[in-house]
Number of protein chains: 2
Amino acid sequence: MIGDGEAETGPLATGWHSNKFLDPRQDGVVLPILHLNGYKIANPTVLARIPEEELLELMRGYGHEPFLVSGGFGHEDPRAVHERFAATLDDVLDRIREIRRVAASDPEAPRLRWPMIILRTPKGWTCPEEIDGVAVEGTFRSHQVPLPNARDTAEHLRILEDWLRSYRPDELFDEAGAPRQEVVALAPEGERRMSANPAANGGLLRVPLRLPDFRDYAVEVAEPGGVDDQATAVLGRWLADVIRLNPTTFRIVGPDETASNRLAPAVYEATAKQWNAEYRPGDVDLARAGRVLEVLSEHQCQGWLEGYLLTGRHGLFNCYEAFVHIVDSMFNQHAKWLESSRRIPWRRPISSLNYLLSSHVWRQDHNGFSHQDPGFVDLAVNKSSEVVRVYFPFDANTLLSTYDHCLRSEDYVNVVVAGKQPAPQWLTMEEAVEHCARGLGVLPWAGTEREGEEPDAVLACAGDVPTLETLAAATILRERIPDLAIRVVNVVDIMRLQSEREHPHGLSDIEFDALFTVDRPVIFAYHGYPWMIHRLTYRRRGHDQIHARGFMERGTTTTPFDMVMLNDLDRYHLAIDVLDRVPGLAARHAGLRQELVDARARARAYTRERGEDIPEIAEWRWTAPRLRGVPSARRAGGAPRA
Amino acid sequence: MIGDGEAETGPLATGWHSNKFLDPRQDGVVLPILHLNGYKIANPTVLARIPEEELLELMRGYGHEPFLVSGGFGHEDPRAVHERFAATLDDVLDRIREIRRVAASDPEAPRLRWPMIILRTPKGWTCPEEIDGVAVEGTFRSHQVPLPNARDTAEHLRILEDWLRSYRPDELFDEAGAPRQEVVALAPEGERRMSANPAANGGLLRVPLRLPDFRDYAVEVAEPGGVDDQATAVLGRWLADVIRLNPTTFRIVGPDETASNRLAPAVYEATAKQWNAEYRPGDVDLARAGRVLEVLSEHQCQGWLEGYLLTGRHGLFNCYEAFVHIVDSMFNQHAKWLESSRRIPWRRPISSLNYLLSSHVWRQDHNGFSHQDPGFVDLAVNKSSEVVRVYFPFDANTLLSTYDHCLRSEDYVNVVVAGKQPAPQWLTMEEAVEHCARGLGVLPWAGTEREGEEPDAVLACAGDVPTLETLAAATILRERIPDLAIRVVNVVDIMRLQSEREHPHGLSDIEFDALFTVDRPVIFAYHGYPWMIHRLTYRRRGHDQIHARGFMERGTTTTPFDMVMLNDLDRYHLAIDVLDRVPGLAARHAGLRQELVDARARARAYTRERGEDIPEIAEWRWTAPRLRGVPSARRAGGAPRA
């Protein structure tokens, strides 16, 4: 069990602390202060207007011991309030010292209440009491700018002057207008300056993770599709060793889904879920200290991880794909903060905010429509291309390679979407590393194009389920129209699709046109909402030839294949798309087209009757092209057509 | 003051109630029950593992009087628990009757604590105690499917059979497998059936709003741009009368921003903000009952309005544009629910969920980058086209016409983005009604095209600020290149841009091609992220000629014109875009192009020096083309070129 002895600066959740956090060597203290000045922009605040006993109960209900300081009302001298507040602060720090002492002497001591301060002062304290005969100090009217029109009337200008003079600038500034020496002396020096203080600039403390070689965790893939595995479970084995090698600087957060997303059982062999409430017999994988933080609140997960990264450490947020939308707004603000902070010279880079989105739209066999929403990516790519990266690794080895990259990166938000269900594995680790380094590429063993000739059509894909359907469609076409030249392209890093002028990962037009052609139909099977593919490629020369398939908000509780059929992303429809888009093909293969339409109908009927997928789908396996004298496509180093 | 005498069924916020809600004629009761079965999918729940006294304090802190029922542990007979629960329910209902009696006898009586029940039972209560030697009942393992592999082993099948037999099916079903008469008799009849019960099917109760004629609230616009007004303030005057005419069936919710979004002061002349906590001298517009609900929690606003609509009533959620992302996930689920419920025959339509997004991206002169995010629309249009509508009215009269439509509609989510700042008003009410009925259209007075000839370029726009910049760009081009034929198209209903095959509002290709041409450059100035325009139009024939400008995530705290310049959405850049896209024009007008580049540089420098916009921008007014013998473009019924 890893995690003992680490030094944290306070409770990670409101009112919750681990005794293990309370390292007496630590200077820093996290002390919640609820400052109730009574008003928002236009209303009283709720907590300022409930009975004080209810407010204290609420704070105790959150697990705190509240300390109340109230002052500044009825013209009370601010200095008296400052003194009272300072005295309370001393009491509270004594209390924290005592909690630390108990925790240090008995690591299994029950949780003690962490102190917090409720500070009541007037809103707009020391601003003009009244303006135009209406109360301002101590009301919502002092929000933001109490005197917005000071330059419009002499009366308001006089009020402004009186107000500012009330701070006695003559005592603060000299004749030349410079701050006096005793004022300047109040500014902190050295590490106490905010820009130099690691508490405000955690990048100063950041040490890169010690990462085990992800290649050692590879799934052995003798031939494409030859073996099944669960991508996130494989990643979990690597993450377990990331935890072992970095016992105090790496955390996994998640809304009660780390096991459901299959990172367990592996990660719980290396650490525990930190649990600071009561224990019961039979509790599993819970401990006073552990590297996994779980709470069924995506907001809290996001907040924890943001805060943790800001201390210079590292982490990962694993979440059901559909419900990460809960933190859309928090993501927005973090991305904006990253983008802005990159331009501040003294601010040191912090670790990237890494999402692992699993339990995705295509495999909600039991949960249904409410759990089907791949739109977080649409939101993410609205933010600056300087900070946003989006990856769709389509098997275990590409996921390992992708995540190794993410955990090394700085100042990004990495959105990684990956499957958790048993699924065919496609690339050897060597291929996966090359593929992920490129971000996208031809799967040479899957297509039927001939070197030196343009393909008749391109089947492109991003995501595990779309890739499976694409490979199955390629198989149908290979078997039924052997002289059709198909290129299969898989995309892991979808930012590669954008122009290099719009995203640092963007392909040059020359590269893009070579890969996707400028005039052949591209049938693009995409994990999310299909318009994303158009959004990323609309400036490309061949854009009019790109036909994207993806989730069209058609979902329900049904079988995996019924889900792709509902959204025209299934192998049969993709093959039909090729027939329909390659000039002349549909007319020559009307019989095949009809067979494919019938196959869809048959598969749909089977699900309605049996509640599961038809065997020709459920039991389908990739088969390498039968090539005389060439035992496998992989060994041949490509897929020359017969 | 409106709002007295209305009949509500319980508190609208956890723990908060208005005495006015407590109408003794009402049968219905809202009674919060916290069911603590102790576990989630993989962990204990937090509230089940804090000391009971803390839990009770938390509930009291929320304003409740908690009642605790615990049972089912240690093999306790479920019937004993049911009896205890029923007795508690009786106590609680008595308590609610008492609260109602006090409230009815004294409307100004202080808030009383609303009861709630904490019910503790084992997770998976009455499921198999153990499976494979591991505890299941009373642990997280009973989440969802305790016996997923019942058909795999005889042992599991036996456990399943024993479990199901423990419910004594022989007593419940007859020999033919049909439920026995005494079981069937338990099912409710008539209105007590869920499908027929208005408490579960509020559409049954829905009565359309009585809407005052919005035309009576029109801003008088003698000529385009001839008068300034604040669009949302004008809407507020209409909404005040909507409240007066519908005193018990319409509500406005908002996160403390109803005044900031300028719906006040008008709406507070018709009603108050409902406030159920303590009052202080000097409080403004607060009352025990009122039609406006404000709390600085977008989640709570969204939840309130969803619940209110589900009771068959009507409402509007006004919010800062950037922060509506806080409810992205709640919006998603409501939109999915609407889409699904439309297919359920017995479910009656409910009122649309209406958003009014103001304080938008282009006018955050004081708040800056954190407040700049127009991306909610991108999220909204991912949902089914059956339920999502998005509008960008660009002045007060178009906003009035749009919102009248929204408040009449059913089963939609209407997203309306509108400005709150003083701005030029463009359309007469008659024009606004026609324009909004079309959803988009040529502004004939703004362009220089000649009837019977194709324009050289189309300037398209959506949103108030983009429309202003577009009109200013059109002016520059009209004055400097008088023989250039420019068409100006404004779009209020952006779903019109989509193909009619993809959205019920979509224009046919014939209409689209006529309006936007198939081969002339279209410079589209859009309120939000520019890729939305490509996403909506990528199937259109002239798509390659569409050049969209919008918010490119470049923002800060700066002047209005600096903001549009940062994102290349300013009049000078739009004019440059026309020069660059109309074949041959840039070469013939290199001098003008240089002037425009210099004008941008000059405007930028002015903001840096003075902190405000350069007078040529700040004081700019639309001027009608000077046409001999034609006093104004409007009177001429169009804009024939000289």
# chains A, B, ... in the order shown; residues from 1 in each chain; ligands from 1
>>> select_by_dssp(residues="region 123-339 of chain A", states="alpha helix (DSSP H)", output="ChimeraX atom specification")
/A:154-165,169-172,181-184,231-245,266-270,298-310,328-339
>>> interface_residues(of="chain B", to="chain A", cutoff="6 Å", atoms="only C-alpha atoms", output="ChimeraX atom specification")
/B:49-50,54-55,57-58,61,277-278,325-326,329,535
>>> write_last_selection(atoms="all heavy atoms", output="short mmCIF file (atom, residue, chain, number, x, y, z; two decimals), in the first residue's frame")
data_model
loop_
_atom_site.label_atom_id
_atom_site.label_comp_id
_atom_site.auth_asym_id
_atom_site.auth_seq_id
_atom_site.Cartn_x
_atom_site.Cartn_y
_atom_site.Cartn_z
N ARG B 49 -21.74 7.53 5.92
CA ARG B 49 -20.55 7.24 6.73
C ARG B 49 -20.06 8.44 7.53
O ARG B 49 -18.89 8.45 7.94
CB ARG B 49 -19.43 6.69 5.83
CG ARG B 49 -19.73 5.35 5.17
CD ARG B 49 -19.73 4.21 6.18
NE ARG B 49 -19.93 2.92 5.54
CZ ARG B 49 -18.94 2.12 5.13
NH1 ARG B 49 -17.69 2.48 5.30
NH2 ARG B 49 -19.20 0.96 4.55
N ILE B 50 -20.87 9.46 7.66
CA ILE B 50 -20.50 10.51 8.61
C ILE B 50 -21.33 10.26 9.87
O ILE B 50 -22.36 9.60 9.83
CB ILE B 50 -20.73 11.93 8.05
CG1 ILE B 50 -22.20 12.17 7.70
CG2 ILE B 50 -19.84 12.17 6.83
CD1 ILE B 50 -22.51 13.59 7.27
N GLU B 54 -23.76 14.64 12.65
CA GLU B 54 -23.33 15.54 11.56
C GLU B 54 -24.35 15.55 10.43
O GLU B 54 -24.65 16.59 9.84
CB GLU B 54 -21.98 15.08 10.99
CG GLU B 54 -20.81 15.79 11.60
CD GLU B 54 -19.47 15.39 10.97
OE1 GLU B 54 -19.43 15.07 9.75
OE2 GLU B 54 -18.46 15.41 11.69
N LEU B 55 -24.87 14.37 10.13
CA LEU B 55 -25.87 14.28 9.06
C LEU B 55 -27.12 15.09 9.42
O LEU B 55 -27.66 15.82 8.58
CB LEU B 55 -26.22 12.81 8.84
CG LEU B 55 -27.29 12.53 7.79
CD1 LEU B 55 -26.85 12.99 6.41
CD2 LEU B 55 -27.63 11.03 7.77
N GLU B 57 -27.24 17.60 11.47
CA GLU B 57 -26.87 19.02 11.41
C GLU B 57 -26.88 19.51 9.97
O GLU B 57 -27.31 20.63 9.68
CB GLU B 57 -25.49 19.23 12.04
CG GLU B 57 -25.53 19.15 13.56
CD GLU B 57 -24.16 19.34 14.20
OE1 GLU B 57 -23.18 18.69 13.73
OE2 GLU B 57 -24.04 20.12 15.14
N LEU B 58 -26.40 18.67 9.06
CA LEU B 58 -26.37 19.07 7.65
C LEU B 58 -27.79 19.33 7.15
O LEU B 58 -28.06 20.35 6.51
CB LEU B 58 -25.70 17.97 6.83
CG LEU B 58 -25.46 18.28 5.35
CD1 LEU B 58 -24.51 19.46 5.18
CD2 LEU B 58 -24.90 17.05 4.62
N GLY B 61 -29.06 22.37 8.68
CA GLY B 61 -28.38 23.50 8.04
C GLY B 61 -29.01 23.83 6.70
O GLY B 61 -28.99 24.99 6.25
N ALA B 277 -35.96 33.83 3.10
CA ALA B 277 -35.09 33.88 4.27
C ALA B 277 -35.37 35.18 5.03
O ALA B 277 -36.43 35.78 4.88
CB ALA B 277 -33.63 33.80 3.82
N GLU B 278 -34.41 35.60 5.83
CA GLU B 278 -34.65 36.79 6.66
C GLU B 278 -34.69 38.07 5.82
O GLU B 278 -34.01 38.17 4.79
CB GLU B 278 -33.55 36.91 7.72
CG GLU B 278 -33.53 35.75 8.70
CD GLU B 278 -32.26 35.70 9.56
OE1 GLU B 278 -31.33 36.49 9.30
OE2 GLU B 278 -32.21 34.85 10.46
N HIS B 325 -22.98 27.35 -19.48
CA HIS B 325 -22.28 26.06 -19.59
C HIS B 325 -22.33 25.27 -18.29
O HIS B 325 -22.14 24.05 -18.31
CB HIS B 325 -20.81 26.28 -19.96
CG HIS B 325 -20.56 26.39 -21.43
ND1 HIS B 325 -20.85 25.38 -22.31
CD2 HIS B 325 -20.05 27.39 -22.18
CE1 HIS B 325 -20.52 25.75 -23.54
NE2 HIS B 325 -20.05 26.96 -23.49
N ILE B 326 -22.56 25.96 -17.19
CA ILE B 326 -22.65 25.26 -15.91
C ILE B 326 -23.75 24.20 -15.96
O ILE B 326 -23.64 23.15 -15.32
CB ILE B 326 -22.88 26.28 -14.77
CG1 ILE B 326 -21.61 27.12 -14.59
CG2 ILE B 326 -23.29 25.60 -13.47
CD1 ILE B 326 -21.77 28.30 -13.66
N SER B 329 -24.87 19.74 -18.75
CA SER B 329 -25.28 18.35 -18.58
C SER B 329 -26.77 18.26 -18.27
O SER B 329 -27.46 17.35 -18.75
CB SER B 329 -24.45 17.71 -17.48
OG SER B 329 -24.66 16.33 -17.44
N ARG B 535 -20.34 24.22 -40.01
CA ARG B 535 -21.05 23.00 -39.60
C ARG B 535 -22.48 23.01 -40.14
O ARG B 535 -22.99 21.97 -40.56
CB ARG B 535 -21.05 22.96 -38.08
CG ARG B 535 -21.97 21.94 -37.48
CD ARG B 535 -21.75 21.89 -35.98
NE ARG B 535 -22.81 21.16 -35.34
CZ ARG B 535 -22.85 20.90 -34.03
NH1 ARG B 535 -21.87 21.32 -33.26
NH2 ARG B 535 -23.83 20.22 -33.51
#
>>> closest_residue(among="B:Arg496, B:Arg313, B:His527, B:Arg342", to="Arg408 (chain B)", atoms="only C-alpha atoms")
B:Arg313
>>> residues_around(residues="region 218-220 of chain A", least_positions_apart="4", cutoff="9 Å", atoms="only C-alpha atoms", output="list of chain:residue names")
A:Phe214, A:Val227, A:Asp229, A:Val234, A:Ala396, A:Asn397, A:Leu400, A:Gln425, A:Leu427, A:Thr428, A:Met429
>>> closest_residue(among="A:Asp170, A:Asp77, A:Asp106, A:Asp395", to="His435 (chain A)", atoms="only C-alpha atoms")
A:Asp395
>>> residues_around(residues="Asp509 (chain A)", least_positions_apart="2", cutoff="12 Å", atoms="only C-alpha atoms", output="list in words")
Arg496, Leu497, Gln498, Ser499, Glu500, Arg501, Glu502, Gly506, Leu507, Glu511, Phe512, Asp513, Ala514, Leu515, Phe516, Thr517, Val518, Thr537, Tyr538, Arg539, Arg540, Arg541, Gly542 and His543 of chain A
>>> residues_around(residues="region 605-618 of chain B", least_positions_apart="5", cutoff="9 Å", atoms="only C-alpha atoms", output="list in words")
Thr558, Thr559, Pro560, Phe561, Asp562 and Arg600 of chain B
>>> select_by_dssp(residues="region 408-463 of chain B", states="strand (DSSP E or B)", output="ChimeraX atom specification")
/B:410,413-417,423-425,440-442,457-462
>>> residues_around(residues="Phe394 (chain A)", least_positions_apart="6", cutoff="9 Å", atoms="only C-alpha atoms", output="ChimeraX atom specification")
/A:231,417-419,425-426,462-468,490-492
>>> write_last_selection(atoms="N, CA and C atoms", output="PDB file, in the first residue's frame")
ATOM      1  N   ALA A 231      -8.964  -2.314 -23.248  1.00  0.00           N
ATOM      2  CA  ALA A 231      -7.934  -1.276 -23.331  1.00  0.00           C
ATOM      3  C   ALA A 231      -7.684  -0.612 -21.978  1.00  0.00           C
ATOM      4  N   VAL A 417     -10.344   9.398 -25.214  1.00  0.00           N
ATOM      5  CA  VAL A 417     -11.552   8.571 -25.202  1.00  0.00           C
ATOM      6  C   VAL A 417     -11.139   7.136 -25.531  1.00  0.00           C
ATOM      7  N   ALA A 418     -11.499   6.196 -24.674  1.00  0.00           N
ATOM      8  CA  ALA A 418     -11.059   4.816 -24.891  1.00  0.00           C
ATOM      9  C   ALA A 418     -12.115   3.837 -24.410  1.00  0.00           C
ATOM     10  N   GLY A 419     -12.110   2.664 -25.007  1.00  0.00           N
ATOM     11  CA  GLY A 419     -13.077   1.634 -24.652  1.00  0.00           C
ATOM     12  C   GLY A 419     -12.633   0.824 -23.453  1.00  0.00           C
ATOM     13  N   GLN A 425      -7.756  -6.549 -30.527  1.00  0.00           N
ATOM     14  CA  GLN A 425      -6.562  -5.709 -30.467  1.00  0.00           C
ATOM     15  C   GLN A 425      -5.907  -5.708 -31.839  1.00  0.00           C
ATOM     16  N   TRP A 426      -5.479  -4.538 -32.287  1.00  0.00           N
ATOM     17  CA  TRP A 426      -5.101  -4.399 -33.689  1.00  0.00           C
ATOM     18  C   TRP A 426      -3.610  -4.226 -33.938  1.00  0.00           C
ATOM     19  N   ALA A 462     -12.008   6.860 -36.513  1.00  0.00           N
ATOM     20  CA  ALA A 462     -11.429   7.329 -35.251  1.00  0.00           C
ATOM     21  C   ALA A 462     -12.286   6.785 -34.128  1.00  0.00           C
ATOM     22  N   GLY A 463     -11.652   6.067 -33.202  1.00  0.00           N
ATOM     23  CA  GLY A 463     -12.381   5.454 -32.095  1.00  0.00           C
ATOM     24  C   GLY A 463     -12.432   3.945 -32.247  1.00  0.00           C
ATOM     25  N   ASP A 464     -12.579   3.240 -31.137  1.00  0.00           N
ATOM     26  CA  ASP A 464     -12.487   1.778 -31.199  1.00  0.00           C
ATOM     27  C   ASP A 464     -13.645   1.137 -31.958  1.00  0.00           C
ATOM     28  N   VAL A 465     -14.883   1.540 -31.654  1.00  0.00           N
ATOM     29  CA  VAL A 465     -16.029   0.930 -32.324  1.00  0.00           C
ATOM     30  C   VAL A 465     -16.069   1.313 -33.811  1.00  0.00           C
ATOM     31  N   PRO A 466     -15.889   2.590 -34.164  1.00  0.00           N
ATOM     32  CA  PRO A 466     -15.847   2.928 -35.597  1.00  0.00           C
ATOM     33  C   PRO A 466     -14.744   2.198 -36.353  1.00  0.00           C
ATOM     34  N   THR A 467     -13.614   1.958 -35.683  1.00  0.00           N
ATOM     35  CA  THR A 467     -12.529   1.244 -36.361  1.00  0.00           C
ATOM     36  C   THR A 467     -12.929  -0.205 -36.617  1.00  0.00           C
ATOM     37  N   LEU A 468     -13.551  -0.833 -35.627  1.00  0.00           N
ATOM     38  CA  LEU A 468     -14.033  -2.202 -35.816  1.00  0.00           C
ATOM     39  C   LEU A 468     -14.991  -2.278 -37.002  1.00  0.00           C
ATOM     40  N   ASN A 490      -6.616   5.200 -40.067  1.00  0.00           N
ATOM     41  CA  ASN A 490      -7.102   5.387 -38.704  1.00  0.00           C
ATOM     42  C   ASN A 490      -6.506   6.670 -38.121  1.00  0.00           C
ATOM     43  N   VAL A 491      -7.337   7.398 -37.375  1.00  0.00           N
ATOM     44  CA  VAL A 491      -6.900   8.653 -36.772  1.00  0.00           C
ATOM     45  C   VAL A 491      -6.977   8.531 -35.255  1.00  0.00           C
ATOM     46  N   VAL A 492      -5.863   8.702 -34.567  1.00  0.00           N
ATOM     47  CA  VAL A 492      -5.854   8.706 -33.105  1.00  0.00           C
ATOM     48  C   VAL A 492      -5.914  10.146 -32.601  1.00  0.00           C
TER      49      VAL A 492
END
>>> residues_around(residues="Arg520 (chain A)", least_positions_apart="3", cutoff="10 Å", atoms="only C-alpha atoms", output="JSON, numbers by chain")
{"A": [454, 455, 456, 457, 458, 516, 517, 523, 542, 544, 545, 546, 581, 582, 583]}
>>> closest_residue(among="A:His156, A:Arg251, A:Arg180, A:Arg549", to="His314 (chain A)", atoms="only C-alpha atoms")
A:Arg251
>>> decode(residues="region 480-494 of chain A", atoms="N, CA and C atoms", output="PDB file, in the first residue's frame")
ATOM      1  N   ARG A 480     -16.054  -9.127 -51.612  1.00  0.00           N
ATOM      2  CA  ARG A 480     -17.102  -9.089 -52.622  1.00  0.00           C
ATOM      3  C   ARG A 480     -16.722  -8.319 -53.880  1.00  0.00           C
ATOM      4  N   ILE A 481     -15.817  -7.350 -53.742  1.00  0.00           N
ATOM      5  CA  ILE A 481     -15.375  -6.604 -54.931  1.00  0.00           C
ATOM      6  C   ILE A 481     -13.849  -6.566 -54.912  1.00  0.00           C
ATOM      7  N   PRO A 482     -13.225  -7.715 -55.210  1.00  0.00           N
ATOM      8  CA  PRO A 482     -11.773  -7.831 -54.986  1.00  0.00           C
ATOM      9  C   PRO A 482     -10.947  -6.828 -55.785  1.00  0.00           C
ATOM     10  N   ASP A 483     -11.484  -6.306 -56.855  1.00  0.00           N
ATOM     11  CA  ASP A 483     -10.672  -5.360 -57.631  1.00  0.00           C
ATOM     12  C   ASP A 483     -10.858  -3.915 -57.190  1.00  0.00           C
ATOM     13  N   LEU A 484     -11.616  -3.685 -56.138  1.00  0.00           N
ATOM     14  CA  LEU A 484     -11.811  -2.320 -55.626  1.00  0.00           C
ATOM     15  C   LEU A 484     -10.641  -1.962 -54.705  1.00  0.00           C
ATOM     16  N   ALA A 485     -10.023  -0.822 -54.983  1.00  0.00           N
ATOM     17  CA  ALA A 485      -8.845  -0.424 -54.199  1.00  0.00           C
ATOM     18  C   ALA A 485      -9.286   0.460 -53.031  1.00  0.00           C
ATOM     19  N   ILE A 486      -9.249  -0.110 -51.832  1.00  0.00           N
ATOM     20  CA  ILE A 486      -9.675   0.594 -50.620  1.00  0.00           C
ATOM     21  C   ILE A 486      -8.449   0.922 -49.774  1.00  0.00           C
ATOM     22  N   ARG A 487      -8.393   2.165 -49.286  1.00  0.00           N
ATOM     23  CA  ARG A 487      -7.374   2.538 -48.299  1.00  0.00           C
ATOM     24  C   ARG A 487      -8.062   2.691 -46.946  1.00  0.00           C
ATOM     25  N   VAL A 488      -7.462   2.136 -45.926  1.00  0.00           N
ATOM     26  CA  VAL A 488      -8.010   2.292 -44.575  1.00  0.00           C
ATOM     27  C   VAL A 488      -7.068   3.189 -43.766  1.00  0.00           C
ATOM     28  N   VAL A 489      -7.614   4.289 -43.262  1.00  0.00           N
ATOM     29  CA  VAL A 489      -6.839   5.247 -42.475  1.00  0.00           C
ATOM     30  C   VAL A 489      -7.449   5.341 -41.086  1.00  0.00           C
ATOM     31  N   ASN A 490      -6.616   5.200 -40.067  1.00  0.00           N
ATOM     32  CA  ASN A 490      -7.102   5.387 -38.704  1.00  0.00           C
ATOM     33  C   ASN A 490      -6.506   6.670 -38.121  1.00  0.00           C
ATOM     34  N   VAL A 491      -7.337   7.398 -37.375  1.00  0.00           N
ATOM     35  CA  VAL A 491      -6.900   8.653 -36.772  1.00  0.00           C
ATOM     36  C   VAL A 491      -6.977   8.531 -35.255  1.00  0.00           C
ATOM     37  N   VAL A 492      -5.863   8.702 -34.567  1.00  0.00           N
ATOM     38  CA  VAL A 492      -5.854   8.706 -33.105  1.00  0.00           C
ATOM     39  C   VAL A 492      -5.914  10.146 -32.601  1.00  0.00           C
ATOM     40  N   ASP A 493      -5.158  11.010 -33.212  1.00  0.00           N
ATOM     41  CA  ASP A 493      -5.050  12.413 -32.792  1.00  0.00           C
ATOM     42  C   ASP A 493      -5.870  13.236 -33.776  1.00  0.00           C
ATOM     43  N   ILE A 494      -7.128  13.540 -33.428  1.00  0.00           N
ATOM     44  CA  ILE A 494      -7.997  14.155 -34.441  1.00  0.00           C
ATOM     45  C   ILE A 494      -7.596  15.583 -34.779  1.00  0.00           C
TER      46      ILE A 494
END
